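*Asks:* Got a file for you: run-v8.pdb, PDB, C-alpha atoms.
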ATOM      1  CA  MET A   1     -12.455   0.796   8.701
ATOM      2  CA  ASN A   2     -13.737  -2.441  10.226
ATOM      3  CA  LEU A   3     -11.949  -3.424  13.400
ATOM      4  CA  HIS A   4     -12.639  -4.670  16.901
ATOM      5  CA  ILE A   5     -10.810  -4.523  20.210
ATOM      6  CA  GLU A   6     -10.149  -7.265  22.724
ATOM      7  CA  LYS A   7      -8.497  -6.828  26.101
ATOM      8  CA  ILE A   8      -6.082  -9.656  26.946
ATOM      9  CA  ASN A   9      -4.119  -9.183  30.152
ATOM     10  CA  LYS A  10      -2.512  -5.765  29.868
ATOM     11  CA  PHE A  11      -2.763  -5.712  26.090
ATOM     12  CA  ASN A  12      -5.373  -4.066  23.905
ATOM     13  CA  VAL A  13      -5.631  -6.226  20.814
ATOM     14  CA  LEU A  14      -6.698  -4.291  17.757
ATOM     15  CA  ASN A  15      -8.084  -6.822  15.281
ATOM     16  CA  ILE A  16      -8.226  -5.450  11.749
ATOM     17  CA  ASP A  17     -11.267  -6.927  10.009
ATOM     18  CA  ASP A  18     -10.656  -5.330   6.601
ATOM     19  CA  GLU A  19      -8.685  -7.252   3.969
ATOM     20  CA  ARG A  20      -7.084  -4.117   2.683
ATOM     21  CA  ILE A  21      -5.290  -1.137   4.238
ATOM     22  CA  ASP A  22      -4.646   1.626   1.712
ATOM     23  CA  ALA A  23      -4.911   5.402   1.378
ATOM     24  CA  HIS A  24      -8.690   5.097   1.715
ATOM     25  CA  ASN A  25      -8.702   3.828   5.322
ATOM     26  CA  SER A  26      -5.133   4.288   6.630
ATOM     27  CA  ALA A  27      -5.781   7.782   8.026
ATOM     28  CA  GLU A  28      -8.682   6.375  10.021
ATOM     29  CA  LEU A  29      -6.485   3.559  11.344
ATOM     30  CA  LYS A  30      -3.745   5.997  12.291
ATOM     31  CA  ASP A  31      -6.215   8.244  14.158
ATOM     32  CA  TYR A  32      -7.781   5.270  15.910
ATOM     33  CA  ILE A  33      -4.404   4.093  17.210
ATOM     34  CA  LEU A  34      -3.448   7.623  18.301
ATOM     35  CA  GLN A  35      -6.728   7.911  20.214
ATOM     36  CA  MET A  36      -6.001   4.613  21.992
ATOM     37  CA  ILE A  37      -2.581   5.930  22.989
ATOM     38  CA  GLU A  38      -4.098   9.200  24.211
ATOM     39  CA  ARG A  39      -6.519   7.204  26.374
ATOM     40  CA  GLY A  40      -3.476   5.692  28.072
ATOM     41  CA  GLU A  41      -3.464   2.386  26.211
ATOM     42  CA  HIS A  42       0.250   1.839  25.806
ATOM     43  CA  HIS A  43       0.326  -1.914  25.180
ATOM     44  CA  ILE A  44      -1.206  -2.474  21.778
ATOM     45  CA  ILE A  45      -1.197  -5.566  19.584
ATOM     46  CA  VAL A  46      -2.347  -5.086  15.993
ATOM     47  CA  GLN A  47      -3.649  -8.433  14.752
ATOM     48  CA  LEU A  48      -3.391  -8.526  10.953
ATOM     49  CA  GLN A  49      -4.627 -12.021  10.127
ATOM     50  CA  HIS A  50      -7.335 -10.830   7.711
ATOM     51  CA  VAL A  51      -5.203  -8.212   5.986
ATOM     52  CA  ARG A  52      -4.103  -9.477   2.581
ATOM     53  CA  PHE A  53      -3.006  -6.095   1.212
ATOM     54  CA  ILE A  54      -1.249  -3.075   2.680
ATOM     55  CA  ASP A  55       0.198  -0.074   0.853
ATOM     56  CA  SER A  56       2.728   2.587   1.861
ATOM     57  CA  SER A  57       0.125   4.673   3.676
ATOM     58  CA  GLY A  58      -0.906   1.622   5.725
ATOM     59  CA  LEU A  59       2.706   1.025   6.737
ATOM     60  CA  GLY A  60       2.878   4.733   7.619
ATOM     61  CA  ALA A  61      -0.171   4.457   9.905
ATOM     62  CA  LEU A  62       1.421   1.532  11.768
ATOM     63  CA  LEU A  63       4.755   3.345  11.961
ATOM     64  CA  SER A  64       2.984   6.323  13.526
ATOM     65  CA  GLY A  65       1.553   4.044  16.233
ATOM     66  CA  HIS A  66       4.948   2.447  16.821
ATOM     67  CA  LYS A  67       6.717   5.792  17.239
ATOM     68  CA  ASN A  68       4.072   7.274  19.517
ATOM     69  CA  ILE A  69       4.000   4.254  21.814
ATOM     70  CA  LEU A  70       7.779   4.114  21.954
ATOM     71  CA  ALA A  71       7.686   7.691  23.249
ATOM     72  CA  LYS A  72       5.453   6.415  26.094
ATOM     73  CA  SER A  73       7.753   3.455  26.814
ATOM     74  CA  GLY A  74       4.951   1.062  25.894
ATOM     75  CA  ARG A  75       4.781  -1.818  23.413
ATOM     76  CA  PHE A  76       3.358  -1.818  19.911
ATOM     77  CA  VAL A  77       3.300  -5.308  18.462
ATOM     78  CA  LEU A  78       2.161  -6.706  15.118
ATOM     79  CA  THR A  79       0.946 -10.302  14.802
ATOM     80  CA  ASN A  80      -0.402 -12.770  12.217
ATOM     81  CA  ILE A  81       1.052 -11.003   9.185
ATOM     82  CA  GLN A  82       0.335 -12.753   5.873
ATOM     83  CA  GLN A  83       3.376 -13.571   3.721
ATOM     84  CA  GLN A  84       2.767 -11.048   0.926
ATOM     85  CA  VAL A  85       2.128  -8.312   3.482
ATOM     86  CA  LEU A  86       5.282  -9.262   5.368
ATOM     87  CA  THR A  87       7.234  -8.764   2.144
ATOM     88  CA  MET A  88       6.244  -5.084   2.308
ATOM     89  CA  PHE A  89       7.861  -4.800   5.739
ATOM     90  CA  GLU A  90      10.963  -6.605   4.497
ATOM     91  CA  MET A  91      11.386  -4.385   1.434
ATOM     92  CA  THR A  92      11.363  -1.278   3.623
ATOM     93  CA  ARG A  93      13.292  -3.056   6.409
ATOM     94  CA  LEU A  94      10.429  -2.177   8.744
ATOM     95  CA  ASN A  95      10.495  -5.800   9.901
ATOM     96  CA  ARG A  96      13.544  -4.723  11.924
ATOM     97  CA  VAL A  97      11.714  -1.716  13.351
ATOM     98  CA  PHE A  98       8.485  -3.385  14.506
ATOM     99  CA  GLU A  99       8.032  -6.124  17.091
ATOM    100  CA  ILE A 100       6.485  -8.899  14.990
ATOM    101  CA  TYR A 101       5.082 -12.204  16.283
ATOM    102  CA  ASP A 102       3.251 -15.101  14.672
ATOM    103  CA  SER A 103       0.279 -14.990  17.031
ATOM    104  CA  VAL A 104      -1.356 -12.904  19.749
ATOM    105  CA  ASN A 105      -0.824 -15.695  22.307
ATOM    106  CA  GLU A 106       2.922 -15.529  21.843
ATOM    107  CA  VAL A 107       2.806 -11.979  23.122
ATOM    108  CA  THR A 108       0.149 -12.172  25.819
ATOM    109  CA  ASP A 109       1.400 -15.442  27.355
ATOM    110  CA  ASN A 110       4.867 -14.079  28.031
TER     111      ASN A 110
ATOM    112  CA  MET B   1      -2.051 -16.211 -34.825
ATOM    113  CA  TYR B   2      -3.967 -13.836 -32.596
ATOM    114  CA  PRO B   3      -2.102 -10.869 -31.121
ATOM    115  CA  SER B   4      -1.634 -11.377 -27.380
ATOM    116  CA  ILE B   5      -2.690  -7.976 -26.249
ATOM    117  CA  ILE B   6      -4.913  -6.865 -23.394
ATOM    118  CA  GLN B   7      -5.621  -3.203 -22.882
ATOM    119  CA  VAL B   8      -7.700  -1.800 -20.037
ATOM    120  CA  ASP B   9      -8.540   1.909 -19.832
ATOM    121  CA  VAL B  10     -10.215   3.134 -16.679
ATOM    122  CA  ILE B  11     -11.469   6.534 -15.601
ATOM    123  CA  ILE B  12     -12.291   7.117 -11.935
ATOM    124  CA  PRO B  13     -13.190  10.145  -9.832
ATOM    125  CA  THR B  14     -10.319  11.421  -7.671
ATOM    126  CA  GLN B  15     -11.554   9.516  -4.618
ATOM    127  CA  THR B  16      -9.553   6.982  -2.624
ATOM    128  CA  LYS B  17     -12.483   4.575  -2.394
ATOM    129  CA  TYR B  18     -11.664   3.524  -5.974
ATOM    130  CA  LEU B  19      -8.127   2.368  -5.112
ATOM    131  CA  ASP B  20      -9.354  -1.140  -4.322
ATOM    132  CA  PHE B  21     -11.070  -1.297  -7.720
ATOM    133  CA  ILE B  22      -7.953  -0.150  -9.607
ATOM    134  CA  GLY B  23      -5.659  -2.455  -7.633
ATOM    135  CA  SER B  24      -7.929  -5.441  -8.243
ATOM    136  CA  ILE B  25      -7.514  -4.988 -12.001
ATOM    137  CA  GLY B  26      -3.764  -5.456 -11.532
ATOM    138  CA  GLU B  27      -4.317  -8.679  -9.590
ATOM    139  CA  ARG B  28      -6.690  -9.932 -12.241
ATOM    140  CA  ILE B  29      -4.221  -9.240 -15.053
ATOM    141  CA  ALA B  30      -1.517 -11.226 -13.252
ATOM    142  CA  LYS B  31      -3.832 -14.245 -13.363
ATOM    143  CA  GLU B  32      -3.986 -14.025 -17.160
ATOM    144  CA  LEU B  33      -0.236 -14.528 -17.548
ATOM    145  CA  ASP B  34      -0.240 -18.212 -18.444
ATOM    146  CA  THR B  35       3.402 -18.276 -19.479
ATOM    147  CA  TYR B  36       4.818 -16.280 -16.559
ATOM    148  CA  THR B  37       7.332 -18.478 -14.805
ATOM    149  CA  GLY B  38       7.887 -16.341 -11.715
ATOM    150  CA  ASP B  39       5.861 -16.171  -8.511
ATOM    151  CA  LYS B  40       2.415 -15.250  -9.799
ATOM    152  CA  ALA B  41       0.981 -14.465  -6.352
ATOM    153  CA  ALA B  42       3.853 -12.065  -5.700
ATOM    154  CA  LEU B  43       3.344 -10.449  -9.107
ATOM    155  CA  ALA B  44      -0.397 -10.074  -8.436
ATOM    156  CA  TYR B  45       0.407  -8.256  -5.204
ATOM    157  CA  GLN B  46       2.979  -6.045  -6.918
ATOM    158  CA  LEU B  47       0.585  -4.991  -9.680
ATOM    159  CA  ASN B  48      -2.129  -4.282  -7.111
ATOM    160  CA  LEU B  49       0.400  -2.255  -5.104
ATOM    161  CA  VAL B  50       1.820  -0.293  -8.015
ATOM    162  CA  LEU B  51      -1.614   0.645  -9.377
ATOM    163  CA  THR B  52      -2.770   1.578  -5.871
ATOM    164  CA  GLU B  53       0.288   3.731  -5.135
ATOM    165  CA  ALA B  54       0.343   5.440  -8.537
ATOM    166  CA  THR B  55      -3.387   6.191  -8.460
ATOM    167  CA  ALA B  56      -3.265   7.396  -4.833
ATOM    168  CA  ASN B  57      -0.434   9.695  -5.859
ATOM    169  CA  ALA B  58      -2.454  11.083  -8.769
ATOM    170  CA  ILE B  59      -5.479  11.615  -6.499
ATOM    171  CA  LYS B  60      -3.324  13.377  -3.899
ATOM    172  CA  HIS B  61      -1.847  15.728  -6.467
ATOM    173  CA  ALA B  62      -5.107  16.424  -8.265
ATOM    174  CA  ASN B  63      -6.486  19.900  -8.093
ATOM    175  CA  ASP B  64      -8.608  19.828  -4.918
ATOM    176  CA  GLN B  65     -10.616  22.867  -5.979
ATOM    177  CA  ASN B  66     -12.217  20.928  -8.744
ATOM    178  CA  GLN B  67     -14.473  18.111  -7.537
ATOM    179  CA  GLN B  68     -14.992  17.060 -11.130
ATOM    180  CA  ASP B  69     -11.405  15.858 -11.421
ATOM    181  CA  ILE B  70     -10.732  12.386 -12.701
ATOM    182  CA  VAL B  71      -7.776  10.048 -12.865
ATOM    183  CA  ARG B  72      -7.234   8.089 -16.039
ATOM    184  CA  VAL B  73      -5.391   4.788 -15.903
ATOM    185  CA  SER B  74      -4.301   2.807 -18.944
ATOM    186  CA  ILE B  75      -2.930  -0.716 -18.581
ATOM    187  CA  CYS B  76      -1.545  -2.485 -21.625
ATOM    188  CA  LEU B  77      -0.181  -6.009 -21.705
ATOM    189  CA  ASN B  78       1.517  -6.675 -25.019
ATOM    190  CA  GLU B  79       3.463  -9.894 -25.409
ATOM    191  CA  ASN B  80       5.590  -9.906 -22.255
ATOM    192  CA  VAL B  81       5.641  -6.215 -21.517
ATOM    193  CA  LEU B  82       3.225  -4.565 -19.137
ATOM    194  CA  ASN B  83       2.825  -0.838 -19.570
ATOM    195  CA  ILE B  84       0.878   1.216 -17.013
ATOM    196  CA  LYS B  85       0.105   4.886 -17.511
ATOM    197  CA  VAL B  86      -1.536   7.000 -14.834
ATOM    198  CA  TYR B  87      -2.634  10.448 -15.993
ATOM    199  CA  ASP B  88      -3.280  13.384 -13.692
ATOM    200  CA  LYS B  89      -4.118  17.030 -14.207
ATOM    201  CA  GLY B  90      -2.450  18.353 -11.081
ATOM    202  CA  GLN B  91       0.624  20.553 -10.818
ATOM    203  CA  GLY B  92       2.930  17.600 -11.264
ATOM    204  CA  PHE B  93       6.179  16.834  -9.494
ATOM    205  CA  ASP B  94       9.809  16.085 -10.269
ATOM    206  CA  LEU B  95      10.358  12.345 -10.091
ATOM    207  CA  ASN B  96      14.105  12.762  -9.652
ATOM    208  CA  SER B  97      13.675  14.958  -6.599
ATOM    209  CA  VAL B  98      11.842  12.211  -4.677
ATOM    210  CA  PRO B  99      14.444  10.718  -2.325
ATOM    211  CA  GLU B 100      14.890   7.061  -1.408
ATOM    212  CA  PRO B 101      13.469   6.237   2.035
ATOM    213  CA  ASP B 102      15.865   6.546   4.966
ATOM    214  CA  PHE B 103      15.774   2.958   6.245
ATOM    215  CA  ASP B 104      17.651   3.773   9.442
ATOM    216  CA  ASN B 105      15.224   6.517  10.342
ATOM    217  CA  PRO B 106      11.935   5.517   8.705
ATOM    218  CA  LYS B 107       9.327   8.166   7.999
ATOM    219  CA  GLU B 108       5.585   7.719   7.662
ATOM    220  CA  GLY B 109       5.438   9.010   4.104
ATOM    221  CA  GLY B 110       7.445   8.779   0.921
ATOM    222  CA  MET B 111       7.471   5.002   0.505
ATOM    223  CA  GLY B 112       5.001   4.807  -2.375
ATOM    224  CA  LEU B 113       7.376   5.682  -5.170
ATOM    225  CA  PHE B 114      10.032   3.450  -3.617
ATOM    226  CA  PHE B 115       7.677   0.462  -3.980
ATOM    227  CA  ILE B 116       6.951   1.322  -7.607
ATOM    228  CA  ARG B 117      10.633   1.717  -8.419
ATOM    229  CA  SER B 118      11.747  -1.417  -6.662
ATOM    230  CA  THR B 119       9.107  -3.765  -8.100
ATOM    231  CA  MET B 120       8.938  -2.454 -11.680
ATOM    232  CA  ASP B 121      11.595  -2.055 -14.398
ATOM    233  CA  SER B 122      11.116   1.558 -15.463
ATOM    234  CA  VAL B 123       9.314   4.607 -14.066
ATOM    235  CA  THR B 124       9.065   7.992 -15.777
ATOM    236  CA  TYR B 125       6.946  11.069 -15.141
ATOM    237  CA  THR B 126       6.225  13.521 -17.936
ATOM    238  CA  LYS B 127       4.657  16.892 -17.268
ATOM    239  CA  SER B 128       2.726  18.867 -19.823
ATOM    240  CA  ASP B 129       0.388  21.863 -19.832
ATOM    241  CA  THR B 130      -2.717  19.757 -20.175
ATOM    242  CA  GLU B 131      -1.936  16.472 -18.468
ATOM    243  CA  ASN B 132       0.885  14.680 -16.651
ATOM    244  CA  VAL B 133       1.623  11.002 -17.009
ATOM    245  CA  LEU B 134       3.395   8.518 -14.778
ATOM    246  CA  GLU B 135       4.527   5.644 -16.975
ATOM    247  CA  ILE B 136       5.530   2.330 -15.476
ATOM    248  CA  ILE B 137       6.957  -0.618 -17.395
ATOM    249  CA  LYS B 138       7.401  -4.188 -16.218
ATOM    250  CA  ASN B 139       9.045  -6.894 -18.298
ATOM    251  CA  LEU B 140       7.372 -10.205 -17.596
ATOM    252  CA  ASN B 141       9.873 -12.650 -19.079
TER     253      ASN B 141
END
Can you dump the structure from the file as structure tokens?
*Replies:*
Amino acid sequence: MNLHIEKINKFNVLNIDDERIDAHNSAELKDYILQMIERGEHHIIVQLQHVRFIDSSGLGALLSGHKNILAKSGRFVLTNIQQQVLTMFEMTRLNRVFEIYDSVNEVTDN
Amino acid sequence: MYPSIIQVDVIIPTQTKYLDFIGSIGERIAKELDTYTGDKAALAYQLNLVLTEATANAIKHANDQNQQDIVRVSICLNENVLNIKVYDKGQGFDLNSVPEPDFDNPKEGGMGLFFIRSTMDSVTYTKSDTENVLEIIKNLN
């Protein structure tokens, strides 16, 4: 999976550089996020601007990150979700589970 | 008058790296639907999703002992009906025993079939001794 990390204030911003998250790369994404959490990174923003497709396994990987960070009283935030991808969250009502913002700045500036 | 039929038959190894390829065919077919009056971008996503989920499911349930396994996918667009068949040679499963997701207590797995059911018109799974088939139908009127 292609991704890169930026540190902005207390947040680790995980920028997904792939256009697609599916059963081919979702396990890798899930493991990557779990490793971040194990390293003590409990404020994570997943920036999804380039992601134009996500499947159920991709949602599962993000849900895993959300649950594990919640257990550490941290924050797991999703930003820049494209409309079709957002529909996937709405269908499963996961848009009410995740913290979702339009941009990274909206999270890091507050 | 020419018959308005498109049929695509694909055989892939049981490897997840081919999901993008299979899904892209769904997106491409949506673009061919000149008379579709609905949201074509949404339909393109749905067909990509459904083919991805159904194929991933077939790969997951394939017999892992046999690296020679394949998944066969048949997509047929005839008039305004899209018929997708995904064949696997695994042990099969009972479609009716797959529960709806628990939205109040979401789990990491088990959403794939929910997406297929909620975006398409009909889903059936038929087991046989030689091959199982997941058949998905979408009316495109």
*Asks:* Residues of chain B within 7 Å of chain A, counting only C-alpha atoms - could you list those as a list in words?
*Replies:*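 In the required form, that comes to Thr16, Lys17, Ala42, Leu49, Ala56, Phe103, Glu108, Gly109, Met111 and Gly112 of chain B.
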*Asks:* Keeping C-alpha atoms, export the residues of the selection given above as a PDB file, keeping the file's coordinate frame.
*Replies:*
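Output file out04.pdb follows:
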ATOM      1  CA  THR B  16      -9.553   6.982  -2.624  1.00  0.00           C
ATOM      2  CA  LYS B  17     -12.483   4.575  -2.394  1.00  0.00           C
ATOM      3  CA  ALA B  42       3.853 -12.065  -5.700  1.00  0.00           C
ATOM      4  CA  LEU B  49       0.400  -2.255  -5.104  1.00  0.00           C
ATOM      5  CA  ALA B  56      -3.265   7.396  -4.833  1.00  0.00           C
ATOM      6  CA  PHE B 103      15.774   2.958   6.245  1.00  0.00           C
ATOM      7  CA  GLU B 108       5.585   7.719   7.662  1.00  0.00           C
ATOM      8  CA  GLY B 109       5.438   9.010   4.104  1.00  0.00           C
ATOM      9  CA  MET B 111       7.471   5.002   0.505  1.00  0.00           C
ATOM     10  CA  GLY B 112       5.001   4.807  -2.375  1.00  0.00           C
TER      11      GLY B 112
END
*Asks:* Compare B:Ser24, B:Gln68, B:Asn78, B:Thr14 by their minimum atom-to-atom distance to Leu47 of chain B, counting all atoms listed in the file, and give me the closest one.
*Replies:*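 For Leu47 of chain B, the nearest of the given residues is B:Ser24.
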*Asks:* Give as a ChimeraX atom specification the residues that the PyMOL selection byres ((chain A and resi 34-49) around 9) matches when applied to the coordinates above.
*Replies:* /A:10-17,19,29-33,50-52,62,64-65,68-70,72-82,103-104,107
*Asks:* Between atom CA of Lys138 of chain B and atom CA of Val81 of chain B, what is the distance, to one decimal in Å?
*Replies:* 5.9 Å
*Asks:* Atom CA of Leu19 of chain B and atom CA of Asn95 of chain A are how many Å apart?
*Replies:*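 We find that atom CA of Leu19 of chain B and atom CA of Asn95 of chain A lie 25.3 Å from each other.
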*Asks:* Starting from the displayed file, determine the output of the PyMOL selection byres ((chain B and resi 11) around 12) and express the residue list as an mmCIF file with C-alpha atoms, in the frame of the given file.
*Replies:*
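Output file out-v6.cif is given in full below:
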data_model
loop_
_atom_site.group_PDB
_atom_site.id
_atom_site.type_symbol
_atom_site.label_atom_id
_atom_site.label_comp_id
_atom_site.auth_asym_id
_atom_site.auth_seq_id
_atom_site.Cartn_x
_atom_site.Cartn_y
_atom_site.Cartn_z
ATOM 1 C CA VAL B 8 -7.700 -1.800 -20.037
ATOM 2 C CA ASP B 9 -8.540 1.909 -19.832
ATOM 3 C CA VAL B 10 -10.215 3.134 -16.679
ATOM 4 C CA ILE B 12 -12.291 7.117 -11.935
ATOM 5 C CA PRO B 13 -13.190 10.145 -9.832
ATOM 6 C CA THR B 14 -10.319 11.421 -7.671
ATOM 7 C CA GLN B 15 -11.554 9.516 -4.618
ATOM 8 C CA TYR B 18 -11.664 3.524 -5.974
ATOM 9 C CA LEU B 19 -8.127 2.368 -5.112
ATOM 10 C CA PHE B 21 -11.070 -1.297 -7.720
ATOM 11 C CA ILE B 22 -7.953 -0.150 -9.607
ATOM 12 C CA THR B 55 -3.387 6.191 -8.460
ATOM 13 C CA GLN B 68 -14.992 17.060 -11.130
ATOM 14 C CA ASP B 69 -11.405 15.858 -11.421
ATOM 15 C CA ILE B 70 -10.732 12.386 -12.701
ATOM 16 C CA VAL B 71 -7.776 10.048 -12.865
ATOM 17 C CA ARG B 72 -7.234 8.089 -16.039
ATOM 18 C CA VAL B 73 -5.391 4.788 -15.903
ATOM 19 C CA SER B 74 -4.301 2.807 -18.944
ATOM 20 C CA ILE B 75 -2.930 -0.716 -18.581
ATOM 21 C CA LYS B 85 0.105 4.886 -17.511
ATOM 22 C CA VAL B 86 -1.536 7.000 -14.834
ATOM 23 C CA TYR B 87 -2.634 10.448 -15.993
ATOM 24 C CA ASP B 88 -3.280 13.384 -13.692
#
*Asks:* Would you list the contacts of Ala44 of chain B as a list in words, taking every protein, DNA or RNA residue within 10 Å and counting only C-alpha atoms, but skipping same-chain residues closer than 3 positions in sequence?
*Replies:*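 Surrounding residues, per the criterion: Gln84 of chain A; Gly23, Ser24, Ile25, Gly26, Glu27, Arg28, Ile29, Ala30, Lys31, Asp39, Lys40, Ala41, Leu47, Asn48 and Leu49 of chain B.
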*Asks:* Could those selected residues go to a file with C-alpha atoms, as a PDB file, in the coordinates of the input?
*Replies:*
ATOM      1  CA  GLN A  84       2.767 -11.048   0.926  1.00  0.00           C
TER       2      GLN A  84
ATOM      3  CA  GLY B  23      -5.659  -2.455  -7.633  1.00  0.00           C
ATOM      4  CA  SER B  24      -7.929  -5.441  -8.243  1.00  0.00           C
ATOM      5  CA  ILE B  25      -7.514  -4.988 -12.001  1.00  0.00           C
ATOM      6  CA  GLY B  26      -3.764  -5.456 -11.532  1.00  0.00           C
ATOM      7  CA  GLU B  27      -4.317  -8.679  -9.590  1.00  0.00           C
ATOM      8  CA  ARG B  28      -6.690  -9.932 -12.241  1.00  0.00           C
ATOM      9  CA  ILE B  29      -4.221  -9.240 -15.053  1.00  0.00           C
ATOM     10  CA  ALA B  30      -1.517 -11.226 -13.252  1.00  0.00           C
ATOM     11  CA  LYS B  31      -3.832 -14.245 -13.363  1.00  0.00           C
ATOM     12  CA  ASP B  39       5.861 -16.171  -8.511  1.00  0.00           C
ATOM     13  CA  LYS B  40       2.415 -15.250  -9.799  1.00  0.00           C
ATOM     14  CA  ALA B  41       0.981 -14.465  -6.352  1.00  0.00           C
ATOM     15  CA  LEU B  47       0.585  -4.991  -9.680  1.00  0.00           C
ATOM     16  CA  ASN B  48      -2.129  -4.282  -7.111  1.00  0.00           C
ATOM     17  CA  LEU B  49       0.400  -2.255  -5.104  1.00  0.00           C
TER      18      LEU B  49
END
*Asks:* Between atom CA of Val133 of chain B and atom CA of Thr119 of chain B, what is the distance, to one decimal in Å?
*Replies:*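 Taking atom CA of Val133 of chain B as the start and atom CA of Thr119 of chain B as the end point, the length is 18.8 Å.
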*Asks:* Would you write out, as a list in words, every residue that the PyMOL selection byres ((chain B and resi 80) around 10) captures in this file?
*Replies:* Ser4, Ile5, Leu33, Thr35, Tyr36, Leu77, Asn78, Glu79, Val81, Leu82, Asn83, Lys138, Asn139, Leu140 and Asn141 of chain B
*Asks:* Contacts of His61 of chain B at 9 Å or less, counting all atoms listed in the file, minus same-chain residues fewer than 4 places along, as a ChimeraX atom specification?
*Replies:* /B:56-57,88-93
*Asks:* Output as a PDB file, in the coordinates of the input: segment 102-120 of chain B, completed with N, CA and C atoms.
*Replies:*
ATOM      1  N   ASP B 102      14.751   6.703   4.028  1.00  0.00           N
ATOM      2  CA  ASP B 102      15.865   6.546   4.966  1.00  0.00           C
ATOM      3  C   ASP B 102      15.539   5.349   5.864  1.00  0.00           C
ATOM      4  N   PHE B 103      16.141   4.192   5.553  1.00  0.00           N
ATOM      5  CA  PHE B 103      15.774   2.958   6.245  1.00  0.00           C
ATOM      6  C   PHE B 103      16.191   2.958   7.717  1.00  0.00           C
ATOM      7  N   ASP B 104      17.208   3.736   8.046  1.00  0.00           N
ATOM      8  CA  ASP B 104      17.651   3.773   9.442  1.00  0.00           C
ATOM      9  C   ASP B 104      16.778   4.687  10.293  1.00  0.00           C
ATOM     10  N   ASN B 105      16.067   5.571   9.623  1.00  0.00           N
ATOM     11  CA  ASN B 105      15.224   6.517  10.342  1.00  0.00           C
ATOM     12  C   ASN B 105      13.905   6.648   9.571  1.00  0.00           C
ATOM     13  N   PRO B 106      13.089   5.572   9.602  1.00  0.00           N
ATOM     14  CA  PRO B 106      11.935   5.517   8.705  1.00  0.00           C
ATOM     15  C   PRO B 106      10.898   6.609   8.977  1.00  0.00           C
ATOM     16  N   LYS B 107      10.359   7.137   7.911  1.00  0.00           N
ATOM     17  CA  LYS B 107       9.327   8.166   7.999  1.00  0.00           C
ATOM     18  C   LYS B 107       7.981   7.564   7.572  1.00  0.00           C
ATOM     19  N   GLU B 108       6.918   8.237   7.974  1.00  0.00           N
ATOM     20  CA  GLU B 108       5.585   7.719   7.662  1.00  0.00           C
ATOM     21  C   GLU B 108       5.246   7.837   6.176  1.00  0.00           C
ATOM     22  N   GLY B 109       5.794   8.825   5.509  1.00  0.00           N
ATOM     23  CA  GLY B 109       5.438   9.010   4.104  1.00  0.00           C
ATOM     24  C   GLY B 109       6.621   8.759   3.186  1.00  0.00           C
ATOM     25  N   GLY B 110       6.355   8.841   1.894  1.00  0.00           N
ATOM     26  CA  GLY B 110       7.445   8.779   0.921  1.00  0.00           C
ATOM     27  C   GLY B 110       7.885   7.387   0.512  1.00  0.00           C
ATOM     28  N   MET B 111       7.084   6.363   0.870  1.00  0.00           N
ATOM     29  CA  MET B 111       7.471   5.002   0.505  1.00  0.00           C
ATOM     30  C   MET B 111       6.801   4.534  -0.790  1.00  0.00           C
ATOM     31  N   GLY B 112       5.781   5.245  -1.215  1.00  0.00           N
ATOM     32  CA  GLY B 112       5.001   4.807  -2.375  1.00  0.00           C
ATOM     33  C   GLY B 112       5.819   4.666  -3.638  1.00  0.00           C
ATOM     34  N   LEU B 113       6.561   5.705  -3.956  1.00  0.00           N
ATOM     35  CA  LEU B 113       7.376   5.682  -5.170  1.00  0.00           C
ATOM     36  C   LEU B 113       8.505   4.653  -5.064  1.00  0.00           C
ATOM     37  N   PHE B 114       9.000   4.477  -3.842  1.00  0.00           N
ATOM     38  CA  PHE B 114      10.032   3.450  -3.617  1.00  0.00           C
ATOM     39  C   PHE B 114       9.504   2.067  -4.015  1.00  0.00           C
ATOM     40  N   PHE B 115       8.255   1.774  -3.633  1.00  0.00           N
ATOM     41  CA  PHE B 115       7.677   0.462  -3.980  1.00  0.00           C
ATOM     42  C   PHE B 115       7.517   0.321  -5.496  1.00  0.00           C
ATOM     43  N   ILE B 116       7.107   1.391  -6.148  1.00  0.00           N
ATOM     44  CA  ILE B 116       6.951   1.322  -7.607  1.00  0.00           C
ATOM     45  C   ILE B 116       8.309   1.085  -8.259  1.00  0.00           C
ATOM     46  N   ARG B 117       9.301   1.853  -7.816  1.00  0.00           N
ATOM     47  CA  ARG B 117      10.633   1.717  -8.419  1.00  0.00           C
ATOM     48  C   ARG B 117      11.241   0.352  -8.173  1.00  0.00           C
ATOM     49  N   SER B 118      11.038  -0.175  -6.978  1.00  0.00           N
ATOM     50  CA  SER B 118      11.747  -1.417  -6.662  1.00  0.00           C
ATOM     51  C   SER B 118      11.049  -2.660  -7.196  1.00  0.00           C
ATOM     52  N   THR B 119       9.773  -2.566  -7.578  1.00  0.00           N
ATOM     53  CA  THR B 119       9.107  -3.765  -8.100  1.00  0.00           C
ATOM     54  C   THR B 119       8.969  -3.738  -9.628  1.00  0.00           C
ATOM     55  N   MET B 120       9.117  -2.571 -10.231  1.00  0.00           N
ATOM     56  CA  MET B 120       8.938  -2.454 -11.680  1.00  0.00           C
ATOM     57  C   MET B 120      10.299  -2.182 -12.354  1.00  0.00           C
TER      58      MET B 120
END
